[in-house]
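Peer 1: Can you read through this structure? Questions will come right after.
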Amino acid sequence: MFASMGIALFGGVSEDANDLLKRADMAMHEAKKAGRSTLRIFERTMQAEIEHKAQISTGMRAALRLRQFIPYYQRLVDTHGRTQGAEVLVRWNDPARGIVSPDKFISIAEETGLIVPIGELVLEDVCIQLKAWRASERTRRLSLSVNISSQEIRKKDFVAKVRHLLDVTGGDPSLLVFEITETVLPEDIEEVAAKMKVLRDIGISFALDDFGTGYSSLSYLKKLPIHRIKIDRSFITDVTTNASDLTIVRAMIQMGKLLGLAVVAEGVETESQRILLETLGCDNFQGYLFGRPVAIETFEREIEAR
Ligand code: C2E
Ligand code: CA
Ligand code: CA
């Protein structure tokens, strides 16, 4: 048995007992978040944080109804610099705040479960895009990688929903890549593996995202039908100057190759990083060196200009 305890101090006779309980409850949630068997004392910042989260979730619910979540596209290139496809990164197009980046809302979307309908919206856009790209020689072979939250995969109807979206949009599953992270993968790995295998059999590929940052990359690689690994940006940033980053990146690439996986480096910002990574055997690159995530109009214009 584990106990999490939240403490709030009584401010005087005029204070409302309900408010006091609410504050103790907020402190208890903080204690739970910090790991079990611990206690937290209520602080004003906790309340501000909770209010901020509530505000963002209300905003996200409205944004879902208004379809204000839009996909941005970031180029993924091969060793010759040719565009292989793109990673789709969601943005919140808020009329009041402008384009809001995912680090402002994805974690709250995960906490509230809103990531499921947001993910569905993104996936639908992606399938429609794949279908539209079939019309042009320049775009018909481009693949699209989508970030899939573990909450989405865990849903009972995930496979059926993906199938349905592919059916109604006419998107080609062999050009679809699902990026999943080891850090958020659930304990029920067997069930997830079974779903992934069904999706693999209809043509979808899987990438293990943020590779190297989790605890159990290797067992995930063994148990899940993964096609490619994406080496996390944190290892790439200093790869040309930091000897241990270099060693880790080299080992990750070699292991990926030995397992027959494609290896993608993310967050490539300089030509010297690219050259080094290519020498080490990396197959694909993504990063500001090749292009930032952009809206579809800009992405297509860039493809045309090449
Ligand atoms: P991620 O999947 O690791 O995506 C890569 C992030 O690195 C993106 O941030 C991208 O803009 C950024 N990036 C790419 N190249 C470079 C570079 O050369 N230098 C630097 N400094 N950064 C680079 P972004 O777009 O802000 O997305 C952040 C995270 O939000 C993503 O990380 C992903 O975990 C999550 N996310 C984005 N879209 C979705 C989505 O549709 N569904 C889900 N579940 N998560 C999403
Ligand atoms: Ca990703
Ligand atoms: Ca990543």
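Chain labels A, B, ... are given in the sequence in which chains occur in the structure tokens; within each chain residues are numbered consecutively from 1, and ligands are likewise numbered from 1 in the order shown.
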Can you pull out every residue with an atom within 9 Å of ligand 3? Use only C-alpha atoms and all ligand atoms and format it as number ranges by chain.
Peer 2: A: 147, 179, 181, 208-211, 230-233, 266-267
Peer 1: Can you check which parts of chain A lie within 7 Å of ligand 1? Per residue, the shortest pair of atoms and distance in Å to one decimal, counting only C-alpha atoms and all ligand atoms, sorted by chain and number, as a tab-separated table.
Peer 2:
residue	atom	partner	partner_atom_place_in_ligand_line	distance
A:Val88	CA	ligand 1	38 (N)	6.6
A:Leu89	CA	ligand 1	38 (N)	3.7
A:Val90	CA	ligand 1	38 (N)	4.0
A:Ser101	CA	ligand 1	26 (O)	5.3
A:Pro102	CA	ligand 1	30 (O)	4.7
A:Asp103	CA	ligand 1	28 (C)	5.7
A:Ile106	CA	ligand 1	30 (O)	6.2
A:Ile115	CA	ligand 1	44 (N)	6.3
A:Gly119	CA	ligand 1	42 (N)	5.4
A:Val122	CA	ligand 1	41 (O)	5.8
A:Val146	CA	ligand 1	41 (O)	6.3
A:Asn147	CA	ligand 1	42 (N)	4.5
A:Ile148	CA	ligand 1	44 (N)	4.7
A:Ser149	CA	ligand 1	44 (N)	4.2
A:Asp209	CA	ligand 1	2 (O)	6.6
A:Asp210	CA	ligand 1	3 (O)	5.9
A:Glu266	CA	ligand 1	15 (N)	6.1
A:Gly267	CA	ligand 1	18 (O)	3.5
A:Val268	CA	ligand 1	18 (O)	4.7
A:Glu269	CA	ligand 1	18 (O)	4.5
A:Gln286	CA	ligand 1	15 (N)	6.0
A:Gly287	CA	ligand 1	18 (O)	3.4
A:Tyr288	CA	ligand 1	18 (O)	3.7
A:Leu289	CA	ligand 1	18 (O)	6.3
A:Arg292	CA	ligand 1	15 (N)	6.3
A:Pro293	CA	ligand 1	11 (O)	5.6
Peer 1: Given the selection you just returned, output its residues as a file containing C-alpha atoms, formatted as a CSV table (one decimal), in the first residue's frame.
Peer 2:
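So out22.csv came out as:
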chain,number,residue,atom,x,y,z
A,88,VAL,CA,3.5,15.8,-39.5
A,89,LEU,CA,3.6,18.1,-36.4
A,90,VAL,CA,0.4,19.5,-35.1
A,101,SER,CA,3.4,25.1,-30.7
A,102,PRO,CA,2.7,21.6,-29.3
A,103,ASP,CA,4.9,22.0,-26.2
A,106,ILE,CA,0.3,18.3,-26.0
A,115,ILE,CA,-5.0,13.8,-27.4
A,119,GLY,CA,-4.8,12.7,-33.0
A,122,VAL,CA,-4.5,15.0,-37.5
A,146,VAL,CA,2.4,10.9,-37.7
A,147,ASN,CA,3.0,11.0,-34.0
A,148,ILE,CA,0.7,8.6,-32.2
A,149,SER,CA,0.2,8.9,-28.5
A,209,ASP,CA,10.7,8.0,-31.8
A,210,ASP,CA,13.1,9.8,-29.4
A,266,GLU,CA,16.4,14.2,-35.8
A,267,GLY,CA,17.4,17.7,-35.0
A,268,VAL,CA,20.2,17.9,-37.6
A,269,GLU,CA,21.1,21.6,-37.8
A,286,GLN,CA,15.4,15.6,-40.4
A,287,GLY,CA,16.1,19.0,-38.9
A,288,TYR,CA,16.4,22.7,-39.5
A,289,LEU,CA,19.3,22.2,-41.9
A,292,ARG,CA,11.5,23.7,-40.4
A,293,PRO,CA,8.0,22.5,-40.0
Peer 1: Determine the nearest neighbour of ligand 2 from the options A:Asp25, A:Glu182, A:Glu51, A:Glu15, counting only C-alpha atoms and all ligand atoms.
Peer 2: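 Going through A:Asp25, A:Glu182, A:Glu51, A:Glu15 one by one, the smallest distance to ligand 2 is for A:Glu182.
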Peer 1: Atom CA of Leu221 of chain A and atom CA of Ala207 of chain A are how many Å apart?
Peer 2: 10.1 Å
Peer 1: Mind checking which residues fall within 8 Å of segment 138-141 of chain A, counting only C-alpha atoms, ignoring those fewer than 2 positions away in the same chain, and posting them as a list in words?
Peer 2: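 Here the qualifying residues turn out to be Gln84, Gly85, Leu130, Trp133, Arg134, Ala135, Ser136, Ser143, Leu175, Ile303 and Glu304 of chain A.
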Peer 1: Looking at only C-alpha atoms, which of A:Gly113, A:Gly11, A:Gly35, A:Pro71 is the one that sits closest to Trp92 of chain A?
Peer 2: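 Smallest separation from Trp92 of chain A among the options: A:Pro71.
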Peer 1: For Lys22 of chain A, find every residue with an atom within 12 Å (counting only C-alpha atoms), except residues of its own chain fewer than 5 positions away, and show them as an mmCIF file with all heavy atoms, in the first residue's frame.
Peer 2:
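Writing the result to out_24.cif gives the following:
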data_model
loop_
_atom_site.group_PDB
_atom_site.id
_atom_site.type_symbol
_atom_site.label_atom_id
_atom_site.label_comp_id
_atom_site.auth_asym_id
_atom_site.auth_seq_id
_atom_site.Cartn_x
_atom_site.Cartn_y
_atom_site.Cartn_z
ATOM 1 N N GLY A 6 -1.829 15.211 0.909
ATOM 2 C CA GLY A 6 -1.825 16.633 0.569
ATOM 3 C C GLY A 6 -2.188 17.444 1.804
ATOM 4 O O GLY A 6 -3.081 17.077 2.560
ATOM 5 N N ILE A 7 -1.447 18.513 2.025
ATOM 6 C CA ILE A 7 -1.685 19.309 3.233
ATOM 7 C C ILE A 7 -2.017 20.746 2.851
ATOM 8 O O ILE A 7 -1.345 21.341 1.994
ATOM 9 C CB ILE A 7 -0.422 19.304 4.133
ATOM 10 C CG1 ILE A 7 -0.143 17.863 4.592
ATOM 11 C CG2 ILE A 7 -0.602 20.246 5.332
ATOM 12 C CD1 ILE A 7 1.169 17.718 5.322
ATOM 13 N N ALA A 8 -3.088 21.306 3.453
ATOM 14 C CA ALA A 8 -3.391 22.726 3.271
ATOM 15 C C ALA A 8 -3.604 23.323 4.649
ATOM 16 O O ALA A 8 -4.207 22.696 5.515
ATOM 17 C CB ALA A 8 -4.640 22.884 2.406
ATOM 18 N N LEU A 9 -3.077 24.517 4.830
ATOM 19 C CA LEU A 9 -3.181 25.122 6.164
ATOM 20 C C LEU A 9 -4.450 25.955 6.292
ATOM 21 O O LEU A 9 -4.845 26.658 5.350
ATOM 22 C CB LEU A 9 -1.948 25.992 6.432
ATOM 23 C CG LEU A 9 -0.635 25.204 6.449
ATOM 24 C CD1 LEU A 9 0.540 26.163 6.651
ATOM 25 C CD2 LEU A 9 -0.641 24.129 7.528
ATOM 26 N N PHE A 10 -5.084 25.866 7.450
ATOM 27 C CA PHE A 10 -6.304 26.608 7.722
ATOM 28 C C PHE A 10 -5.950 28.067 7.992
ATOM 29 O O PHE A 10 -5.145 28.368 8.869
ATOM 30 C CB PHE A 10 -6.990 25.965 8.942
ATOM 31 C CG PHE A 10 -8.312 26.570 9.278
ATOM 32 C CD1 PHE A 10 -9.310 26.663 8.311
ATOM 33 C CD2 PHE A 10 -8.564 27.028 10.557
ATOM 34 C CE1 PHE A 10 -10.548 27.202 8.615
ATOM 35 C CE2 PHE A 10 -9.802 27.579 10.868
ATOM 36 C CZ PHE A 10 -10.794 27.671 9.900
ATOM 37 N N ASP A 16 -13.549 29.261 4.138
ATOM 38 C CA ASP A 16 -14.519 28.274 3.700
ATOM 39 C C ASP A 16 -13.895 26.869 3.775
ATOM 40 O O ASP A 16 -12.814 26.640 3.235
ATOM 41 C CB ASP A 16 -14.906 28.624 2.247
ATOM 42 C CG ASP A 16 -16.027 27.751 1.734
ATOM 43 O OD1 ASP A 16 -15.980 26.538 1.982
ATOM 44 O OD2 ASP A 16 -16.939 28.308 1.092
ATOM 45 N N ALA A 17 -14.600 25.943 4.425
ATOM 46 C CA ALA A 17 -14.061 24.585 4.596
ATOM 47 C C ALA A 17 -13.887 23.878 3.256
ATOM 48 O O ALA A 17 -12.935 23.125 3.044
ATOM 49 C CB ALA A 17 -14.981 23.769 5.502
ATOM 50 N N ALA A 27 -2.949 19.616 -3.468
ATOM 51 C CA ALA A 27 -1.637 19.226 -2.941
ATOM 52 C C ALA A 27 -1.468 17.711 -3.022
ATOM 53 O O ALA A 27 -0.387 17.207 -3.350
ATOM 54 C CB ALA A 27 -1.488 19.714 -1.506
ATOM 55 N N MET A 28 -2.567 16.971 -2.772
ATOM 56 C CA MET A 28 -2.478 15.503 -2.844
ATOM 57 C C MET A 28 -2.180 15.054 -4.276
ATOM 58 O O MET A 28 -1.373 14.156 -4.498
ATOM 59 C CB MET A 28 -3.773 14.868 -2.363
ATOM 60 C CG MET A 28 -3.691 13.360 -2.335
ATOM 61 S SD MET A 28 -5.292 12.601 -2.069
ATOM 62 C CE MET A 28 -6.107 12.981 -3.597
ATOM 63 N N HIS A 29 -2.816 15.716 -5.270
ATOM 64 C CA HIS A 29 -2.530 15.351 -6.658
ATOM 65 C C HIS A 29 -1.068 15.602 -7.005
ATOM 66 O O HIS A 29 -0.448 14.824 -7.725
ATOM 67 C CB HIS A 29 -3.456 16.113 -7.612
ATOM 68 C CG HIS A 29 -4.814 15.506 -7.691
ATOM 69 N ND1 HIS A 29 -5.039 14.310 -8.336
ATOM 70 C CD2 HIS A 29 -6.001 15.888 -7.170
ATOM 71 C CE1 HIS A 29 -6.325 13.989 -8.218
ATOM 72 N NE2 HIS A 29 -6.929 14.927 -7.506
ATOM 73 N N PHE A 42 0.178 22.555 0.144
ATOM 74 C CA PHE A 42 -0.416 23.437 -0.860
ATOM 75 C C PHE A 42 0.369 24.740 -1.021
ATOM 76 O O PHE A 42 0.765 25.361 -0.060
ATOM 77 C CB PHE A 42 -1.868 23.765 -0.490
ATOM 78 C CG PHE A 42 -2.464 24.769 -1.424
ATOM 79 C CD1 PHE A 42 -2.951 24.356 -2.653
ATOM 80 C CD2 PHE A 42 -2.495 26.113 -1.099
ATOM 81 C CE1 PHE A 42 -3.474 25.282 -3.548
ATOM 82 C CE2 PHE A 42 -3.018 27.042 -1.997
ATOM 83 C CZ PHE A 42 -3.508 26.628 -3.214
ATOM 84 N N MET A 46 0.378 26.050 -7.288
ATOM 85 C CA MET A 46 -0.367 24.858 -7.688
ATOM 86 C C MET A 46 -1.711 25.280 -8.254
ATOM 87 O O MET A 46 -2.167 24.771 -9.261
ATOM 88 C CB MET A 46 -0.608 23.947 -6.490
ATOM 89 C CG MET A 46 0.614 23.193 -6.051
ATOM 90 S SD MET A 46 0.180 22.183 -4.629
ATOM 91 C CE MET A 46 1.804 21.731 -4.072
ATOM 92 N N GLN A 47 -2.336 26.221 -7.564
ATOM 93 C CA GLN A 47 -3.645 26.685 -8.008
ATOM 94 C C GLN A 47 -3.523 27.358 -9.380
ATOM 95 O O GLN A 47 -4.327 27.095 -10.266
ATOM 96 C CB GLN A 47 -4.215 27.670 -6.990
ATOM 97 C CG GLN A 47 -5.647 28.027 -7.320
ATOM 98 C CD GLN A 47 -6.421 28.406 -6.066
ATOM 99 O OE1 GLN A 47 -5.860 28.503 -4.973
ATOM 100 N NE2 GLN A 47 -7.704 28.596 -6.211
ATOM 101 N N ILE A 50 -3.177 24.731 -12.039
ATOM 102 C CA ILE A 50 -4.435 24.032 -12.309
ATOM 103 C C ILE A 50 -5.375 24.906 -13.125
ATOM 104 O O ILE A 50 -6.010 24.450 -14.077
ATOM 105 C CB ILE A 50 -5.070 23.555 -10.981
ATOM 106 C CG1 ILE A 50 -4.295 22.336 -10.493
ATOM 107 C CG2 ILE A 50 -6.551 23.220 -11.150
ATOM 108 C CD1 ILE A 50 -4.536 21.972 -9.071
#
Peer 1: What is the atom CA of Ile229 of chain A to atom CA of Arg75 of chain A distance in Å?
Peer 2: 16.5 Å
